[in-house]
>>> print(open('upload_32.cif').read())   # mmCIF, N, CA and C atoms
data_my_file
#
loop_
_atom_site.label_atom_id
_atom_site.label_comp_id
_atom_site.auth_asym_id
_atom_site.auth_seq_id
_atom_site.Cartn_x
_atom_site.Cartn_y
_atom_site.Cartn_z
N MET A 489 0.82 -1.20 0.00
CA MET A 489 0.00 0.00 0.00
C MET A 489 0.87 1.27 0.00
N VAL A 490 1.96 1.19 0.72
CA VAL A 490 2.88 2.33 0.74
C VAL A 490 3.49 2.52 -0.65
N ARG A 491 3.83 1.39 -1.29
CA ARG A 491 4.38 1.48 -2.63
C ARG A 491 3.38 2.11 -3.59
N ARG A 492 2.14 1.69 -3.51
CA ARG A 492 1.11 2.26 -4.38
C ARG A 492 0.95 3.75 -4.12
N THR A 493 0.97 4.16 -2.87
CA THR A 493 0.84 5.58 -2.54
C THR A 493 2.03 6.36 -3.09
N LEU A 494 3.22 5.80 -2.94
CA LEU A 494 4.42 6.47 -3.47
C LEU A 494 4.37 6.52 -5.01
N LEU A 495 3.88 5.43 -5.63
CA LEU A 495 3.77 5.42 -7.09
C LEU A 495 2.78 6.48 -7.57
N HIS A 496 1.62 6.58 -6.91
CA HIS A 496 0.64 7.61 -7.27
C HIS A 496 1.22 9.01 -7.06
N ALA A 497 1.94 9.19 -5.98
CA ALA A 497 2.56 10.50 -5.72
C ALA A 497 3.59 10.83 -6.79
N ALA A 498 4.39 9.83 -7.17
CA ALA A 498 5.40 10.04 -8.21
C ALA A 498 4.74 10.36 -9.55
N LEU A 499 3.65 9.65 -9.88
CA LEU A 499 2.94 9.92 -11.12
C LEU A 499 2.32 11.32 -11.12
N ARG A 500 1.74 11.69 -10.01
CA ARG A 500 1.18 13.05 -9.92
C ARG A 500 2.27 14.11 -10.04
N ALA A 501 3.41 13.88 -9.41
CA ALA A 501 4.53 14.83 -9.53
C ALA A 501 5.00 14.90 -10.97
N TRP A 502 5.06 13.73 -11.65
CA TRP A 502 5.49 13.71 -13.05
C TRP A 502 4.51 14.47 -13.93
N VAL A 503 3.20 14.32 -13.70
CA VAL A 503 2.18 15.04 -14.45
C VAL A 503 2.33 16.55 -14.23
N ILE A 504 2.53 16.93 -12.97
CA ILE A 504 2.71 18.37 -12.66
C ILE A 504 3.96 18.90 -13.34
N GLN A 505 5.04 18.15 -13.34
CA GLN A 505 6.29 18.58 -13.98
C GLN A 505 6.10 18.73 -15.49
N CYS A 506 5.40 17.76 -16.09
CA CYS A 506 5.13 17.86 -17.54
C CYS A 506 4.30 19.10 -17.85
N TRP A 507 3.28 19.35 -17.05
CA TRP A 507 2.44 20.54 -17.26
C TRP A 507 3.28 21.80 -17.11
N TRP A 508 4.15 21.84 -16.09
CA TRP A 508 4.99 23.02 -15.84
C TRP A 508 5.96 23.25 -17.01
N ARG A 509 6.55 22.18 -17.51
CA ARG A 509 7.47 22.31 -18.65
C ARG A 509 6.73 22.81 -19.90
N SER A 510 5.52 22.30 -20.11
CA SER A 510 4.76 22.76 -21.27
C SER A 510 4.38 24.24 -21.13
N MET A 511 4.04 24.69 -19.92
CA MET A 511 3.73 26.10 -19.69
C MET A 511 4.97 26.97 -19.91
N GLN A 512 6.12 26.48 -19.45
CA GLN A 512 7.35 27.24 -19.68
C GLN A 512 7.67 27.33 -21.17
N ALA A 513 7.45 26.25 -21.90
CA ALA A 513 7.71 26.25 -23.35
C ALA A 513 6.77 27.23 -24.06
N LYS A 514 5.49 27.24 -23.65
CA LYS A 514 4.54 28.18 -24.25
C LYS A 514 4.94 29.62 -23.95
N THR A 515 5.32 29.88 -22.70
CA THR A 515 5.74 31.23 -22.33
C THR A 515 6.98 31.66 -23.12
N LEU A 516 7.93 30.73 -23.25
CA LEU A 516 9.14 31.02 -24.01
C LEU A 516 8.81 31.30 -25.47
N GLU A 517 7.90 30.52 -26.05
CA GLU A 517 7.49 30.73 -27.43
C GLU A 517 6.80 32.08 -27.60
N GLN A 518 5.95 32.46 -26.64
CA GLN A 518 5.30 33.76 -26.71
C GLN A 518 6.32 34.89 -26.64
N ARG A 519 7.29 34.76 -25.75
CA ARG A 519 8.34 35.79 -25.65
C ARG A 519 9.15 35.87 -26.94
N ARG A 520 9.46 34.69 -27.51
CA ARG A 520 10.22 34.67 -28.76
C ARG A 520 9.44 35.35 -29.88
N ARG A 521 8.15 35.06 -29.99
CA ARG A 521 7.33 35.69 -31.02
C ARG A 521 7.21 37.20 -30.81
N LEU A 522 7.06 37.62 -29.57
CA LEU A 522 6.99 39.05 -29.27
C LEU A 522 8.30 39.75 -29.64
N ALA A 523 9.44 39.12 -29.27
CA ALA A 523 10.74 39.70 -29.62
C ALA A 523 10.91 39.78 -31.13
N LEU A 524 10.46 38.74 -31.84
CA LEU A 524 10.56 38.74 -33.30
C LEU A 524 9.68 39.83 -33.90
N ARG A 525 8.49 40.02 -33.35
CA ARG A 525 7.59 41.06 -33.84
C ARG A 525 8.18 42.45 -33.61
N VAL A 526 8.75 42.67 -32.42
CA VAL A 526 9.38 43.97 -32.12
C VAL A 526 10.56 44.21 -33.05
N TYR A 527 11.38 43.18 -33.25
CA TYR A 527 12.54 43.30 -34.14
C TYR A 527 12.09 43.62 -35.57
N THR A 528 11.04 42.94 -36.03
CA THR A 528 10.54 43.18 -37.37
C THR A 528 10.03 44.61 -37.52
N CYS A 529 9.31 45.09 -36.52
CA CYS A 529 8.81 46.47 -36.57
C CYS A 529 9.96 47.47 -36.61
N GLN A 530 10.99 47.24 -35.82
CA GLN A 530 12.15 48.14 -35.80
C GLN A 530 12.87 48.12 -37.15
N GLU A 531 13.05 46.92 -37.69
CA GLU A 531 13.72 46.82 -38.99
C GLU A 531 12.91 47.53 -40.07
N TRP A 532 11.60 47.36 -40.05
CA TRP A 532 10.74 48.00 -41.04
C TRP A 532 10.83 49.52 -40.90
N ALA A 533 10.88 50.01 -39.66
CA ALA A 533 11.01 51.45 -39.44
C ALA A 533 12.35 51.95 -39.99
N VAL A 534 13.40 51.19 -39.78
CA VAL A 534 14.72 51.58 -40.30
C VAL A 534 14.70 51.62 -41.82
N VAL A 535 14.07 50.63 -42.43
CA VAL A 535 13.99 50.59 -43.90
C VAL A 535 13.21 51.79 -44.42
N LYS A 536 12.13 52.16 -43.74
CA LYS A 536 11.35 53.32 -44.17
C LYS A 536 12.17 54.61 -44.06
N VAL A 537 12.89 54.76 -42.97
CA VAL A 537 13.71 55.97 -42.80
C VAL A 537 14.79 56.02 -43.87
N GLN A 538 15.43 54.89 -44.14
CA GLN A 538 16.46 54.86 -45.18
C GLN A 538 15.87 55.22 -46.54
N ALA A 539 14.69 54.71 -46.83
CA ALA A 539 14.05 55.03 -48.11
C ALA A 539 13.73 56.51 -48.20
N GLN A 540 13.25 57.10 -47.12
CA GLN A 540 12.95 58.53 -47.13
C GLN A 540 14.22 59.35 -47.35
N VAL A 541 15.30 58.96 -46.68
CA VAL A 541 16.57 59.71 -46.84
C VAL A 541 17.08 59.58 -48.26
N ARG A 542 17.02 58.36 -48.82
CA ARG A 542 17.47 58.18 -50.20
C ARG A 542 16.61 58.97 -51.18
N MET A 543 15.31 59.01 -50.94
CA MET A 543 14.42 59.78 -51.81
C MET A 543 14.74 61.27 -51.69
N TRP A 544 14.99 61.75 -50.48
CA TRP A 544 15.33 63.16 -50.29
C TRP A 544 16.64 63.49 -51.01
N GLN A 545 17.64 62.60 -50.89
CA GLN A 545 18.91 62.84 -51.57
C GLN A 545 18.74 62.85 -53.09
N ALA A 546 17.97 61.90 -53.61
CA ALA A 546 17.75 61.85 -55.06
C ALA A 546 17.01 63.10 -55.53
N ARG A 547 16.03 63.53 -54.76
CA ARG A 547 15.29 64.75 -55.14
C ARG A 547 16.20 65.96 -55.11
N ARG A 548 17.06 66.04 -54.09
CA ARG A 548 17.99 67.17 -54.00
C ARG A 548 18.93 67.18 -55.20
N ARG A 549 19.46 65.99 -55.58
CA ARG A 549 20.34 65.93 -56.76
C ARG A 549 19.59 66.32 -58.03
N PHE A 550 18.34 65.87 -58.15
CA PHE A 550 17.53 66.23 -59.31
C PHE A 550 17.31 67.74 -59.38
N LEU A 551 16.96 68.34 -58.24
CA LEU A 551 16.72 69.79 -58.24
C LEU A 551 17.99 70.57 -58.55
N GLN A 552 19.15 70.07 -58.07
CA GLN A 552 20.41 70.74 -58.39
C GLN A 552 20.70 70.64 -59.89
N ALA A 553 20.45 69.46 -60.45
CA ALA A 553 20.69 69.28 -61.89
C ALA A 553 19.74 70.15 -62.70
N ARG A 554 18.49 70.23 -62.27
CA ARG A 554 17.52 71.06 -62.98
C ARG A 554 17.90 72.54 -62.90
N GLN A 555 18.36 72.97 -61.72
CA GLN A 555 18.80 74.35 -61.57
C GLN A 555 20.01 74.64 -62.47
N ALA A 556 20.95 73.70 -62.53
CA ALA A 556 22.12 73.87 -63.40
C ALA A 556 21.69 73.94 -64.86
N ALA A 557 20.73 73.10 -65.24
CA ALA A 557 20.24 73.12 -66.62
C ALA A 557 19.57 74.46 -66.94
N CYS A 558 18.82 74.99 -65.99
CA CYS A 558 18.18 76.29 -66.21
C CYS A 558 19.21 77.40 -66.38
N VAL A 559 20.27 77.35 -65.59
CA VAL A 559 21.33 78.36 -65.70
C VAL A 559 22.01 78.24 -67.06
N ILE A 560 22.33 77.02 -67.45
CA ILE A 560 22.98 76.82 -68.75
C ILE A 560 22.07 77.29 -69.87
N GLN A 561 20.79 76.95 -69.81
CA GLN A 561 19.84 77.38 -70.85
C GLN A 561 19.73 78.89 -70.91
N SER A 562 19.69 79.54 -69.76
CA SER A 562 19.56 81.00 -69.78
C SER A 562 20.80 81.64 -70.40
N TYR A 563 21.99 81.15 -70.04
CA TYR A 563 23.20 81.70 -70.64
C TYR A 563 23.26 81.39 -72.13
N TRP A 564 22.82 80.18 -72.52
CA TRP A 564 22.83 79.83 -73.94
C TRP A 564 21.86 80.71 -74.72
N ARG A 565 20.70 80.94 -74.16
CA ARG A 565 19.73 81.80 -74.85
C ARG A 565 20.25 83.23 -74.96
N TRP A 566 20.89 83.71 -73.89
CA TRP A 566 21.46 85.05 -73.95
C TRP A 566 22.53 85.11 -75.03
N HIS A 567 23.40 84.10 -75.06
CA HIS A 567 24.48 84.07 -76.05
C HIS A 567 23.90 83.99 -77.47
N ALA A 568 22.87 83.15 -77.64
CA ALA A 568 22.27 83.00 -78.97
C ALA A 568 21.61 84.30 -79.41
N SER A 569 20.98 84.99 -78.48
CA SER A 569 20.33 86.25 -78.86
C SER A 569 21.36 87.33 -79.17
N GLN A 570 22.52 87.25 -78.54
CA GLN A 570 23.56 88.27 -78.79
C GLN A 570 24.28 88.02 -80.12
N THR A 571 24.41 86.76 -80.49
CA THR A 571 25.18 86.46 -81.71
C THR A 571 24.29 86.15 -82.90
N ARG A 572 22.97 86.22 -82.73
CA ARG A 572 22.06 85.88 -83.83
C ARG A 572 22.19 86.88 -84.98
N GLY A 573 22.16 88.14 -84.70
CA GLY A 573 22.25 89.13 -85.77
C GLY A 573 23.09 90.31 -85.31
N LEU A 574 23.95 90.75 -86.16
CA LEU A 574 24.75 91.93 -85.85
C LEU A 574 24.11 93.14 -86.51
N ILE A 575 23.89 94.18 -85.75
CA ILE A 575 23.28 95.39 -86.29
C ILE A 575 24.37 96.43 -86.47
N ARG A 576 24.53 96.82 -87.72
CA ARG A 576 25.51 97.87 -88.01
C ARG A 576 24.74 99.06 -88.57
N GLY A 577 25.14 100.20 -88.21
CA GLY A 577 24.40 101.35 -88.71
C GLY A 577 25.25 102.61 -88.79
N CYS A 578 24.78 103.50 -89.59
CA CYS A 578 25.39 104.82 -89.70
C CYS A 578 24.34 105.83 -89.30
N TYR A 579 24.68 106.69 -88.41
CA TYR A 579 23.72 107.66 -87.92
C TYR A 579 24.23 109.06 -88.28
N GLU A 580 23.32 109.85 -88.81
CA GLU A 580 23.70 111.22 -89.18
C GLU A 580 22.58 112.15 -88.73
N VAL A 581 22.96 113.16 -87.98
CA VAL A 581 21.98 114.11 -87.48
C VAL A 581 22.14 115.40 -88.27
N ARG A 582 21.04 115.87 -88.88
CA ARG A 582 21.05 117.14 -89.61
C ARG A 582 19.93 117.99 -89.08
N ALA A 583 20.25 119.10 -88.67
CA ALA A 583 19.30 120.11 -88.21
C ALA A 583 18.29 119.51 -87.25
N SER A 584 17.06 119.29 -87.73
CA SER A 584 16.01 118.84 -86.83
C SER A 584 15.54 117.42 -87.11
N ARG A 585 16.22 116.71 -87.97
CA ARG A 585 15.76 115.36 -88.27
C ARG A 585 16.92 114.38 -88.17
N LEU A 586 16.57 113.09 -88.08
CA LEU A 586 17.55 112.02 -87.91
C LEU A 586 17.43 111.08 -89.09
N GLU A 587 18.53 110.88 -89.78
CA GLU A 587 18.54 109.92 -90.88
C GLU A 587 19.30 108.69 -90.41
N LEU A 588 18.72 107.54 -90.66
CA LEU A 588 19.34 106.29 -90.23
C LEU A 588 19.57 105.40 -91.43
N ASP A 589 20.74 104.81 -91.47
CA ASP A 589 21.04 103.78 -92.47
C ASP A 589 21.48 102.56 -91.67
N ILE A 590 20.58 101.60 -91.55
CA ILE A 590 20.85 100.43 -90.70
C ILE A 590 20.98 99.21 -91.57
N GLU A 591 22.04 98.44 -91.32
CA GLU A 591 22.26 97.21 -92.06
C GLU A 591 22.24 96.07 -91.02
N ILE A 592 21.41 95.06 -91.27
CA ILE A 592 21.28 93.93 -90.36
C ILE A 592 21.86 92.69 -91.02
N LEU A 593 22.83 92.12 -90.37
CA LEU A 593 23.48 90.91 -90.91
C LEU A 593 23.05 89.72 -90.07
N MET A 594 22.51 88.73 -90.72
CA MET A 594 22.14 87.50 -90.02
C MET A 594 23.21 86.47 -90.24
N THR A 595 23.71 85.91 -89.15
CA THR A 595 24.77 84.90 -89.28
C THR A 595 24.33 83.60 -88.68
#
>>> encode(input="upload_32.cif", output="C-alpha cells")
Amino acid sequence: MVRRTLLHAALRAWVIQCWWRSMQAKTLEQRRRLALRVYTCQEWAVVKVQAQVRMWQARRRFLQARQAACVIQSYWRWHASQTRGLIRGCYEVRASRLELDIEILMT
C-alpha cells in the first residue's frame, strides 16, 4: 500500500512537472514571437527611414541638376540672342531730323 501511494505521488509529480514544462515552453514561445515582432517592426522602421533619406537625396540631386540646366539654358539663350544678328548702322543728325542707315546681318 505504501508502494502504491508512493507510485501515485510520483505519477502526480510527473504530471505536474510535464504541465509546468509545457507552460514554460509556451511562455518562451510567446516571448520569442513578441521579440521577433518587435525586431521586425524596428527593422521596417529603419527601412522606411532609409528610403525617405534616399528619396530626399535623389530629389535634391535632381533639383540641383535642374537648376544647373536652367542656368545653362539661360546663358545659352542670352548668347544665342547676342550672336544671332549683328546690327551695323550709320547715324547722321542734320538740323532737326535724324537719318538712319541700318544694315542687319544674319549669321
>>> atom_distance(input="upload_32.cif", atom1="CA of Arg500 in chain A", atom2="atom C of Arg519 in chain A")
29.6 Å
>>> atom_distance(input="upload_32.cif", atom1="atom C of Gln545 in chain A", atom2="atom C of Trp564 in chain A")
28.2 Å
>>> select_by_dssp(input="upload_32.cif", residues="range 517-582 of chain A", states="strand (DSSP E or B)", output="count of residues only")
10
>>> atom_distance(input="upload_32.cif", atom1="atom N of Arg492 in chain A", atom2="atom C of Arg509 in chain A")
27.1 Å
>>> build_atoms(input="upload_32.cif", residues="range 525-548 of chain A", atoms="N, CA, C and O atoms", output="PDB file, in the coordinates of the input")
ATOM      1  N   ARG A 525       8.490  40.020 -33.350  1.00  0.00           N
ATOM      2  CA  ARG A 525       7.590  41.060 -33.840  1.00  0.00           C
ATOM      3  C   ARG A 525       8.180  42.450 -33.610  1.00  0.00           C
ATOM      4  O   ARG A 525       8.145  43.310 -34.494  1.00  0.00           O
ATOM      5  N   VAL A 526       8.750  42.670 -32.420  1.00  0.00           N
ATOM      6  CA  VAL A 526       9.380  43.970 -32.120  1.00  0.00           C
ATOM      7  C   VAL A 526      10.560  44.210 -33.050  1.00  0.00           C
ATOM      8  O   VAL A 526      10.726  45.306 -33.596  1.00  0.00           O
ATOM      9  N   TYR A 527      11.380  43.180 -33.250  1.00  0.00           N
ATOM     10  CA  TYR A 527      12.540  43.300 -34.140  1.00  0.00           C
ATOM     11  C   TYR A 527      12.090  43.620 -35.570  1.00  0.00           C
ATOM     12  O   TYR A 527      12.676  44.482 -36.230  1.00  0.00           O
ATOM     13  N   THR A 528      11.040  42.940 -36.030  1.00  0.00           N
ATOM     14  CA  THR A 528      10.540  43.180 -37.370  1.00  0.00           C
ATOM     15  C   THR A 528      10.030  44.610 -37.520  1.00  0.00           C
ATOM     16  O   THR A 528      10.307  45.276 -38.529  1.00  0.00           O
ATOM     17  N   CYS A 529       9.310  45.090 -36.520  1.00  0.00           N
ATOM     18  CA  CYS A 529       8.810  46.470 -36.570  1.00  0.00           C
ATOM     19  C   CYS A 529       9.960  47.470 -36.610  1.00  0.00           C
ATOM     20  O   CYS A 529       9.925  48.449 -37.363  1.00  0.00           O
ATOM     21  N   GLN A 530      10.990  47.240 -35.820  1.00  0.00           N
ATOM     22  CA  GLN A 530      12.150  48.140 -35.800  1.00  0.00           C
ATOM     23  C   GLN A 530      12.870  48.120 -37.150  1.00  0.00           C
ATOM     24  O   GLN A 530      13.255  49.163 -37.672  1.00  0.00           O
ATOM     25  N   GLU A 531      13.050  46.920 -37.690  1.00  0.00           N
ATOM     26  CA  GLU A 531      13.720  46.820 -38.990  1.00  0.00           C
ATOM     27  C   GLU A 531      12.910  47.530 -40.070  1.00  0.00           C
ATOM     28  O   GLU A 531      13.454  48.207 -40.930  1.00  0.00           O
ATOM     29  N   TRP A 532      11.600  47.360 -40.050  1.00  0.00           N
ATOM     30  CA  TRP A 532      10.740  48.000 -41.040  1.00  0.00           C
ATOM     31  C   TRP A 532      10.830  49.520 -40.900  1.00  0.00           C
ATOM     32  O   TRP A 532      10.867  50.231 -41.905  1.00  0.00           O
ATOM     33  N   ALA A 533      10.880  50.010 -39.660  1.00  0.00           N
ATOM     34  CA  ALA A 533      11.010  51.450 -39.440  1.00  0.00           C
ATOM     35  C   ALA A 533      12.350  51.950 -39.990  1.00  0.00           C
ATOM     36  O   ALA A 533      12.406  53.015 -40.623  1.00  0.00           O
ATOM     37  N   VAL A 534      13.400  51.190 -39.780  1.00  0.00           N
ATOM     38  CA  VAL A 534      14.720  51.580 -40.300  1.00  0.00           C
ATOM     39  C   VAL A 534      14.700  51.620 -41.820  1.00  0.00           C
ATOM     40  O   VAL A 534      15.224  52.554 -42.444  1.00  0.00           O
ATOM     41  N   VAL A 535      14.070  50.630 -42.430  1.00  0.00           N
ATOM     42  CA  VAL A 535      13.990  50.590 -43.900  1.00  0.00           C
ATOM     43  C   VAL A 535      13.210  51.790 -44.420  1.00  0.00           C
ATOM     44  O   VAL A 535      13.594  52.415 -45.415  1.00  0.00           O
ATOM     45  N   LYS A 536      12.130  52.160 -43.740  1.00  0.00           N
ATOM     46  CA  LYS A 536      11.350  53.320 -44.170  1.00  0.00           C
ATOM     47  C   LYS A 536      12.170  54.610 -44.060  1.00  0.00           C
ATOM     48  O   LYS A 536      12.133  55.452 -44.968  1.00  0.00           O
ATOM     49  N   VAL A 537      12.890  54.760 -42.970  1.00  0.00           N
ATOM     50  CA  VAL A 537      13.710  55.970 -42.800  1.00  0.00           C
ATOM     51  C   VAL A 537      14.790  56.020 -43.870  1.00  0.00           C
ATOM     52  O   VAL A 537      15.038  57.081 -44.468  1.00  0.00           O
ATOM     53  N   GLN A 538      15.430  54.890 -44.140  1.00  0.00           N
ATOM     54  CA  GLN A 538      16.460  54.860 -45.180  1.00  0.00           C
ATOM     55  C   GLN A 538      15.870  55.220 -46.540  1.00  0.00           C
ATOM     56  O   GLN A 538      16.483  55.965 -47.314  1.00  0.00           O
ATOM     57  N   ALA A 539      14.690  54.710 -46.830  1.00  0.00           N
ATOM     58  CA  ALA A 539      14.050  55.030 -48.110  1.00  0.00           C
ATOM     59  C   ALA A 539      13.730  56.510 -48.200  1.00  0.00           C
ATOM     60  O   ALA A 539      13.919  57.130 -49.262  1.00  0.00           O
ATOM     61  N   GLN A 540      13.250  57.100 -47.120  1.00  0.00           N
ATOM     62  CA  GLN A 540      12.950  58.530 -47.130  1.00  0.00           C
ATOM     63  C   GLN A 540      14.220  59.350 -47.350  1.00  0.00           C
ATOM     64  O   GLN A 540      14.209  60.329 -48.108  1.00  0.00           O
ATOM     65  N   VAL A 541      15.300  58.960 -46.680  1.00  0.00           N
ATOM     66  CA  VAL A 541      16.570  59.710 -46.840  1.00  0.00           C
ATOM     67  C   VAL A 541      17.080  59.580 -48.260  1.00  0.00           C
ATOM     68  O   VAL A 541      17.504  60.567 -48.873  1.00  0.00           O
ATOM     69  N   ARG A 542      17.020  58.360 -48.820  1.00  0.00           N
ATOM     70  CA  ARG A 542      17.470  58.180 -50.200  1.00  0.00           C
ATOM     71  C   ARG A 542      16.610  58.970 -51.180  1.00  0.00           C
ATOM     72  O   ARG A 542      17.121  59.551 -52.135  1.00  0.00           O
ATOM     73  N   MET A 543      15.310  59.010 -50.940  1.00  0.00           N
ATOM     74  CA  MET A 543      14.420  59.780 -51.810  1.00  0.00           C
ATOM     75  C   MET A 543      14.740  61.270 -51.690  1.00  0.00           C
ATOM     76  O   MET A 543      14.769  61.985 -52.701  1.00  0.00           O
ATOM     77  N   TRP A 544      14.990  61.750 -50.480  1.00  0.00           N
ATOM     78  CA  TRP A 544      15.330  63.160 -50.290  1.00  0.00           C
ATOM     79  C   TRP A 544      16.640  63.490 -51.010  1.00  0.00           C
ATOM     80  O   TRP A 544      16.750  64.534 -51.658  1.00  0.00           O
ATOM     81  N   GLN A 545      17.640  62.600 -50.890  1.00  0.00           N
ATOM     82  CA  GLN A 545      18.910  62.840 -51.570  1.00  0.00           C
ATOM     83  C   GLN A 545      18.740  62.850 -53.090  1.00  0.00           C
ATOM     84  O   GLN A 545      19.306  63.703 -53.780  1.00  0.00           O
ATOM     85  N   ALA A 546      17.970  61.900 -53.610  1.00  0.00           N
ATOM     86  CA  ALA A 546      17.750  61.850 -55.060  1.00  0.00           C
ATOM     87  C   ALA A 546      17.010  63.100 -55.530  1.00  0.00           C
ATOM     88  O   ALA A 546      17.334  63.667 -56.575  1.00  0.00           O
ATOM     89  N   ARG A 547      16.030  63.530 -54.760  1.00  0.00           N
ATOM     90  CA  ARG A 547      15.290  64.750 -55.140  1.00  0.00           C
ATOM     91  C   ARG A 547      16.200  65.960 -55.110  1.00  0.00           C
ATOM     92  O   ARG A 547      16.122  66.819 -55.989  1.00  0.00           O
ATOM     93  N   ARG A 548      17.060  66.040 -54.090  1.00  0.00           N
ATOM     94  CA  ARG A 548      17.990  67.170 -54.000  1.00  0.00           C
ATOM     95  C   ARG A 548      18.930  67.180 -55.200  1.00  0.00           C
ATOM     96  O   ARG A 548      19.177  68.230 -55.811  1.00  0.00           O
TER      97      ARG A 548
END
